[in-house]
Structure formats: structure tokens, C-alpha cells
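This is start29.cif. It holds mmCIF, C-alpha atoms; chains and numbers go by the auth columns.
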data_query
#
loop_
_atom_site.group_PDB
_atom_site.id
_atom_site.type_symbol
_atom_site.label_atom_id
_atom_site.label_comp_id
_atom_site.label_asym_id
_atom_site.label_seq_id
_atom_site.Cartn_x
_atom_site.Cartn_y
_atom_site.Cartn_z
_atom_site.B_iso_or_equiv
_atom_site.auth_seq_id
_atom_site.auth_asym_id
ATOM 1 C CA MET A 1 82.019 97.780 87.751 0.00 1 A
ATOM 2 C CA GLY A 2 83.527 94.675 89.304 0.00 2 A
ATOM 3 C CA VAL A 3 85.295 91.804 87.624 0.00 3 A
ATOM 4 C CA ARG A 4 83.325 88.872 86.289 0.00 4 A
ATOM 5 C CA ARG A 5 84.342 86.135 88.692 0.00 5 A
ATOM 6 C CA GLU A 6 83.417 83.318 86.295 0.00 6 A
ATOM 7 C CA GLU A 7 85.936 84.664 83.751 0.00 7 A
ATOM 8 C CA GLN A 8 89.717 84.959 84.023 0.00 8 A
ATOM 9 C CA HIS A 9 90.575 87.613 86.597 0.00 9 A
ATOM 10 C CA LEU A 10 93.356 88.755 88.903 0.00 10 A
ATOM 11 C CA VAL A 11 92.802 89.608 92.569 0.00 11 A
ATOM 12 C CA VAL A 12 95.607 91.923 93.729 0.00 12 A
ATOM 13 C CA LEU A 13 96.573 92.122 97.407 0.00 13 A
ATOM 14 C CA LEU A 14 98.702 95.209 98.138 0.00 14 A
ATOM 15 C CA GLU A 15 101.055 96.037 100.971 0.00 15 A
ATOM 16 C CA ASP A 16 100.534 99.799 101.038 0.00 16 A
ATOM 17 C CA ASP A 17 99.498 102.985 99.223 0.00 17 A
ATOM 18 C CA PRO A 18 102.586 103.231 96.963 0.00 18 A
ATOM 19 C CA TYR A 19 101.676 99.821 95.536 0.00 19 A
ATOM 20 C CA ARG A 20 98.105 101.056 95.070 0.00 20 A
ATOM 21 C CA SER A 21 99.485 103.946 93.011 0.00 21 A
ATOM 22 C CA ILE A 22 101.767 101.662 90.995 0.00 22 A
ATOM 23 C CA LEU A 23 98.785 99.403 90.282 0.00 23 A
ATOM 24 C CA ASN A 24 96.686 102.415 89.259 0.00 24 A
ATOM 25 C CA GLY A 25 99.368 103.282 86.707 0.00 25 A
ATOM 26 C CA ILE A 26 99.303 99.704 85.448 0.00 26 A
ATOM 27 C CA LYS A 27 95.509 99.670 85.199 0.00 27 A
ATOM 28 C CA ASN A 28 95.574 102.940 83.251 0.00 28 A
ATOM 29 C CA SER A 29 98.106 101.640 80.735 0.00 29 A
ATOM 30 C CA PHE A 30 96.979 101.279 77.147 0.00 30 A
ATOM 31 C CA ASN A 31 97.823 97.571 76.963 0.00 31 A
ATOM 32 C CA ILE A 32 96.047 96.339 80.123 0.00 32 A
ATOM 33 C CA ASN A 33 92.568 94.862 80.329 0.00 33 A
ATOM 34 C CA GLU A 34 91.670 96.657 83.575 0.00 34 A
ATOM 35 C CA ARG A 35 88.255 94.936 83.724 0.00 35 A
ATOM 36 C CA VAL A 36 89.974 91.718 84.850 0.00 36 A
ATOM 37 C CA ILE A 37 91.783 93.298 87.833 0.00 37 A
ATOM 38 C CA ASP A 38 90.160 93.216 91.267 0.00 38 A
ATOM 39 C CA ASP A 39 92.442 95.219 93.533 0.00 39 A
ATOM 40 C CA LYS A 40 91.807 95.149 97.242 0.00 40 A
ATOM 41 C CA LYS A 41 92.532 97.913 99.732 0.00 41 A
ATOM 42 C CA PRO A 42 96.125 98.053 101.019 0.00 42 A
ATOM 43 C CA SER A 43 96.839 95.588 103.807 0.00 43 A
ATOM 44 C CA ARG A 44 99.197 97.958 105.690 0.00 44 A
ATOM 45 C CA GLY A 45 102.187 95.661 105.974 0.00 45 A
ATOM 46 C CA TRP A 46 103.647 92.661 104.186 0.00 46 A
ATOM 47 C CA ALA A 47 102.650 90.226 106.966 0.00 47 A
ATOM 48 C CA LYS A 48 99.062 91.407 106.637 0.00 48 A
ATOM 49 C CA VAL A 49 99.177 90.735 102.888 0.00 49 A
ATOM 50 C CA PHE A 50 99.717 87.076 103.786 0.00 50 A
ATOM 51 C CA ASP A 51 96.791 87.255 106.224 0.00 51 A
ATOM 52 C CA ASP A 52 94.673 88.632 103.388 0.00 52 A
ATOM 53 C CA LEU A 53 95.857 85.797 101.149 0.00 53 A
ATOM 54 C CA GLU A 54 94.748 83.261 103.752 0.00 54 A
ATOM 55 C CA ASN A 55 91.371 85.003 103.923 0.00 55 A
ATOM 56 C CA ASN A 56 91.007 84.899 100.120 0.00 56 A
ATOM 57 C CA ILE A 57 92.177 81.348 99.314 0.00 57 A
ATOM 58 C CA HIS A 58 88.497 80.400 99.094 0.00 58 A
ATOM 59 C CA LEU A 59 88.295 82.461 95.881 0.00 59 A
ATOM 60 C CA LEU A 60 90.682 80.027 94.196 0.00 60 A
ATOM 61 C CA LYS A 61 88.489 77.120 95.235 0.00 61 A
ATOM 62 C CA ARG A 62 85.216 78.745 94.240 0.00 62 A
ATOM 63 C CA TYR A 63 86.354 80.406 91.000 0.00 63 A
ATOM 64 C CA PRO A 64 88.630 78.244 88.811 0.00 64 A
ATOM 65 C CA LYS A 65 89.590 81.270 86.687 0.00 65 A
ATOM 66 C CA CYS A 66 90.696 83.369 89.659 0.00 66 A
ATOM 67 C CA HIS A 67 94.374 84.242 90.082 0.00 67 A
ATOM 68 C CA ILE A 68 95.919 86.133 93.003 0.00 68 A
ATOM 69 C CA LEU A 69 98.887 88.516 92.912 0.00 69 A
ATOM 70 C CA LEU A 70 100.618 89.778 96.048 0.00 70 A
ATOM 71 C CA LEU A 71 102.512 93.098 95.785 0.00 71 A
ATOM 72 C CA MET A 72 104.904 93.857 98.645 0.00 72 A
ATOM 73 C CA ASP A 73 108.338 95.048 99.680 0.00 73 A
ATOM 74 C CA PHE A 74 110.936 92.346 100.238 0.00 74 A
ATOM 75 C CA ASP A 75 113.033 94.673 102.432 0.00 75 A
ATOM 76 C CA ASP A 76 116.392 92.938 101.991 0.00 76 A
ATOM 77 C CA LYS A 77 119.124 95.359 102.967 0.00 77 A
ATOM 78 C CA ASP A 78 122.054 93.260 101.690 0.00 78 A
ATOM 79 C CA LYS A 79 122.221 93.540 97.904 0.00 79 A
ATOM 80 C CA THR A 80 123.865 90.120 97.663 0.00 80 A
ATOM 81 C CA SER A 81 121.030 88.468 99.561 0.00 81 A
ATOM 82 C CA LEU A 82 117.591 87.346 98.517 0.00 82 A
ATOM 83 C CA SER A 83 116.749 86.021 101.962 0.00 83 A
ATOM 84 C CA SER A 84 113.618 88.112 102.581 0.00 84 A
ATOM 85 C CA PHE A 85 112.365 87.445 99.057 0.00 85 A
ATOM 86 C CA GLU A 86 112.977 83.740 99.580 0.00 86 A
ATOM 87 C CA LYS A 87 111.274 83.834 102.985 0.00 87 A
ATOM 88 C CA ARG A 88 108.226 85.551 101.534 0.00 88 A
ATOM 89 C CA THR A 89 108.122 83.094 98.639 0.00 89 A
ATOM 90 C CA ARG A 90 108.347 80.228 101.107 0.00 90 A
ATOM 91 C CA ARG A 91 105.496 81.742 103.139 0.00 91 A
ATOM 92 C CA LEU A 92 103.437 82.081 99.968 0.00 92 A
ATOM 93 C CA ASN A 93 103.994 78.384 99.236 0.00 93 A
ATOM 94 C CA GLU A 94 103.027 77.425 102.806 0.00 94 A
ATOM 95 C CA ILE A 95 99.706 79.266 102.561 0.00 95 A
ATOM 96 C CA THR A 96 98.780 78.293 99.019 0.00 96 A
ATOM 97 C CA PRO A 97 97.454 74.754 98.588 0.00 97 A
ATOM 98 C CA PRO A 98 99.579 72.972 95.932 0.00 98 A
ATOM 99 C CA GLU A 99 96.627 72.538 93.577 0.00 99 A
ATOM 100 C CA TYR A 100 96.330 76.341 93.340 0.00 100 A
ATOM 101 C CA SER A 101 100.018 77.306 93.274 0.00 101 A
ATOM 102 C CA GLU A 102 100.014 77.967 89.524 0.00 102 A
ATOM 103 C CA ARG A 103 97.443 80.725 90.103 0.00 103 A
ATOM 104 C CA VAL A 104 99.137 82.647 92.937 0.00 104 A
ATOM 105 C CA PHE A 105 102.049 85.027 92.352 0.00 105 A
ATOM 106 C CA ILE A 106 104.215 87.456 94.297 0.00 106 A
ATOM 107 C CA LEU A 107 106.004 90.572 93.009 0.00 107 A
ATOM 108 C CA GLY A 108 107.710 93.431 94.789 0.00 108 A
ATOM 109 C CA VAL A 109 110.685 95.640 95.432 0.00 109 A
ATOM 110 C CA ASN A 110 113.876 94.199 96.895 0.00 110 A
ATOM 111 C CA HIS A 111 116.740 95.786 98.874 0.00 111 A
ATOM 112 C CA LYS A 112 114.610 98.776 99.810 0.00 112 A
ATOM 113 C CA GLU A 113 110.980 99.781 99.695 0.00 113 A
ATOM 114 C CA SER A 114 108.848 100.938 96.790 0.00 114 A
ATOM 115 C CA GLU A 115 110.092 104.510 97.333 0.00 115 A
ATOM 116 C CA ALA A 116 113.483 103.410 95.974 0.00 116 A
ATOM 117 C CA LEU A 117 111.931 103.062 92.519 0.00 117 A
ATOM 118 C CA LYS A 118 111.324 106.820 92.329 0.00 118 A
ATOM 119 C CA LYS A 119 115.007 107.482 92.791 0.00 119 A
ATOM 120 C CA TYR A 120 116.135 104.649 90.526 0.00 120 A
ATOM 121 C CA PHE A 121 113.884 105.628 87.593 0.00 121 A
ATOM 122 C CA LYS A 122 114.033 109.371 88.329 0.00 122 A
ATOM 123 C CA ILE A 123 110.233 109.453 88.220 0.00 123 A
ATOM 124 C CA SER A 124 108.293 111.257 90.947 0.00 124 A
ATOM 125 C CA LYS A 125 104.918 109.503 90.608 0.00 125 A
ATOM 126 C CA PHE A 126 104.269 105.847 91.305 0.00 126 A
ATOM 127 C CA GLU A 127 101.546 105.776 88.633 0.00 127 A
ATOM 128 C CA HIS A 128 104.157 106.613 85.985 0.00 128 A
ATOM 129 C CA ILE A 129 106.450 103.894 87.342 0.00 129 A
ATOM 130 C CA GLY A 130 103.594 101.387 87.015 0.00 130 A
ATOM 131 C CA LYS A 131 103.070 102.384 83.380 0.00 131 A
ATOM 132 C CA LYS A 132 106.793 102.124 82.686 0.00 132 A
ATOM 133 C CA LEU A 133 107.098 98.660 84.218 0.00 133 A
ATOM 134 C CA ILE A 134 104.088 97.144 82.487 0.00 134 A
ATOM 135 C CA LYS A 135 104.495 98.493 78.955 0.00 135 A
ATOM 136 C CA ASP A 136 106.986 95.880 77.749 0.00 136 A
ATOM 137 C CA CYS A 137 105.775 92.848 79.694 0.00 137 A
ATOM 138 C CA PRO A 138 103.686 91.423 76.838 0.00 138 A
ATOM 139 C CA THR A 139 106.669 91.446 74.477 0.00 139 A
ATOM 140 C CA GLY A 140 109.054 89.963 77.023 0.00 140 A
ATOM 141 C CA ASP A 141 111.333 93.018 76.931 0.00 141 A
ATOM 142 C CA LEU A 142 111.909 93.408 80.644 0.00 142 A
ATOM 143 C CA LEU A 143 114.882 95.779 80.655 0.00 143 A
ATOM 144 C CA ASP A 144 113.211 98.042 83.220 0.00 144 A
ATOM 145 C CA TRP A 145 112.995 95.049 85.574 0.00 145 A
ATOM 146 C CA GLN A 146 116.695 94.226 85.308 0.00 146 A
ATOM 147 C CA ASN A 147 117.994 96.157 88.292 0.00 147 A
ATOM 148 C CA THR A 148 118.793 95.444 91.923 0.00 148 A
ATOM 149 C CA HIS A 149 115.289 96.389 93.093 0.00 149 A
ATOM 150 C CA LEU A 150 113.235 94.337 90.642 0.00 150 A
ATOM 151 C CA GLU A 151 115.312 91.527 89.115 0.00 151 A
ATOM 152 C CA CYS A 152 114.087 89.023 91.711 0.00 152 A
ATOM 153 C CA ASN A 153 110.681 89.289 89.989 0.00 153 A
ATOM 154 C CA LEU A 154 111.854 88.021 86.596 0.00 154 A
ATOM 155 C CA PRO A 155 111.196 84.301 87.289 0.00 155 A
ATOM 156 C CA GLU A 156 107.771 85.124 88.722 0.00 156 A
ATOM 157 C CA ILE A 157 106.859 87.238 85.691 0.00 157 A
ATOM 158 C CA GLU A 158 107.888 84.339 83.470 0.00 158 A
ATOM 159 C CA ARG A 159 105.770 81.981 85.595 0.00 159 A
ATOM 160 C CA MET A 160 102.788 84.294 85.100 0.00 160 A
ATOM 161 C CA ARG A 161 103.387 84.236 81.346 0.00 161 A
ATOM 162 C CA GLU A 162 103.770 80.432 81.291 0.00 162 A
ATOM 163 C CA ASN A 163 100.519 80.012 83.240 0.00 163 A
ATOM 164 C CA GLY A 164 98.581 82.055 80.685 0.00 164 A
ATOM 165 C CA VAL A 165 97.956 85.194 82.748 0.00 165 A
ATOM 166 C CA PHE A 166 99.355 87.467 80.050 0.00 166 A
ATOM 167 C CA ASP A 167 96.937 85.980 77.480 0.00 167 A
ATOM 168 C CA TRP A 168 93.966 87.695 79.133 0.00 168 A
ATOM 169 C CA LEU A 169 95.617 90.446 81.203 0.00 169 A
ATOM 170 C CA PHE A 170 97.001 92.313 78.188 0.00 170 A
ATOM 171 C CA THR A 171 94.912 93.668 75.333 0.00 171 A
ATOM 172 C CA THR A 172 97.662 93.794 72.716 0.00 172 A
#

Mind converting the file's structure to C-alpha cells?
Amino acid sequence: MGVRREEQHLVVLLEDDPYRSILNGIKNSFNINERVIDDKKPSRGWAKVFDDLENNIHLLKRYPKCHILLLMDFDDKDKTSLSSFEKRTRRLNEITPPEYSERVFILGVNHKESEALKKYFKISKFEHIGKKLIKDCPTGDLLDWQNTHLECNLPEIERMRENGVFDWLFTT
């Protein structure tokens, strides 16, 4: 069953299969309204995620309750740098028309790739990592996000909350 486009919903554009698995864990979490998530097939590269965004901007125009989330690796190798994250955020802002910017978000893994999360959390399955990361988002307890791989996402998560996404994405 697909999402109801006339209601609040989240289109998710994914870089690769690990992000698909993380999203599956999120969708299977007890506190997520999975009926509002429309996840697309993996784009096979972060640059292609931006191509997919360009190809889906029309959804924002046509459906005022549509939101888009990009999930990708930021690939910064220098732990003191956010340059790739900043470059990807800048690219997101170039593609997204200003009138829709409050409905488009970007999250991902910095300083490595998604595989680094398995080692960091000592969890072998991406689905379990997805469940771990999402469980405390509604309450604002983001301790699992406060590490070198994920802390760059904290302002974006707060922006999602401020723009009302959490009001309909979470069930509790």
C-alpha cells in the first residue's frame, strides 16, 4: 500500500543498500508511522541521490504535504572537517527552490561510510541500527547521534522537528 499523497508524507531518497536496511529498521520501529514513508530504490551513489532529488522536485510542487529526505554518506575523511557535509548541504540548497526548503532534509554518516556504524555501535545489522537511532528522536534524547559519524545531523533533525515532521512521522 502506497502513501496517501494528499496527506503528510516523507519521500526518502537513498544512496545505497545499507541505507535501505537502516530505513527498514526505522520503518519497523514501534514508534514510526510507516504508512507515511515512501522510500525509493537506492540511487547507487550520493551524486545520483541529487539527480533523483532534481527528478522529484515536482512532488513538492504538486503535493503541499510532501517532504523529501536524502540519506547518504558524507565521506569526510578528516574528523575535524565538515567540508563534504557542507558541500552536500550546499548542493541540496542549490537544487531545492527556496519556497520548498523547509520540506527537504539531508541526513547521513560522516567521516566514513554507513558501514562504520556497525563498528561504532557494535551491531551487525543495519536494521537494528535504524531502530536504535530512531527510538529516542521523538523525545529529543539524541545521545546515539552524538558521535563523530552522526553529530553533523543534529541541526537537521532539529529542523525536521521544528518544521512539524515529527508530529506525523511518529505515532507516540

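The interatomic distance for the pair CA of Glu127 in chain A and CA of Glu6 in chain A works out to 29.0 Å.
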
> Evaluating the PyMOL selection byres ((chain A and resi 44) around 6) on the displayed file yields which residues, as a list of chain:residue names?
Replying inline: A:Glu15, A:Asp16, A:Pro42, A:Ser43, A:Gly45

> Got a sec: who's within 12 Å of Lys118 in chain A, counting all atoms listed in the file, leaving out chain neighbours fewer than 4 positions off, as a count of residues only?
Replying inline: 17

>> Given only C-alpha atoms as the basis, pick out the residue of A:Glu156, A:Glu99, A:Glu151, A:Glu162 nearest to Leu69 in chain A.
In response: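 Of A:Glu156, A:Glu99, A:Glu151, A:Glu162, the one nearest Leu69 in chain A is A:Glu156, counting only C-alpha atoms.
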
> Rounded to one decimal in Å, what is the spacing between CA of Leu143 in chain A and CA of Ser21 in chain A?
Replying inline: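 Going from CA of Leu143 in chain A over to CA of Ser21 in chain A, I get 21.4 Å.
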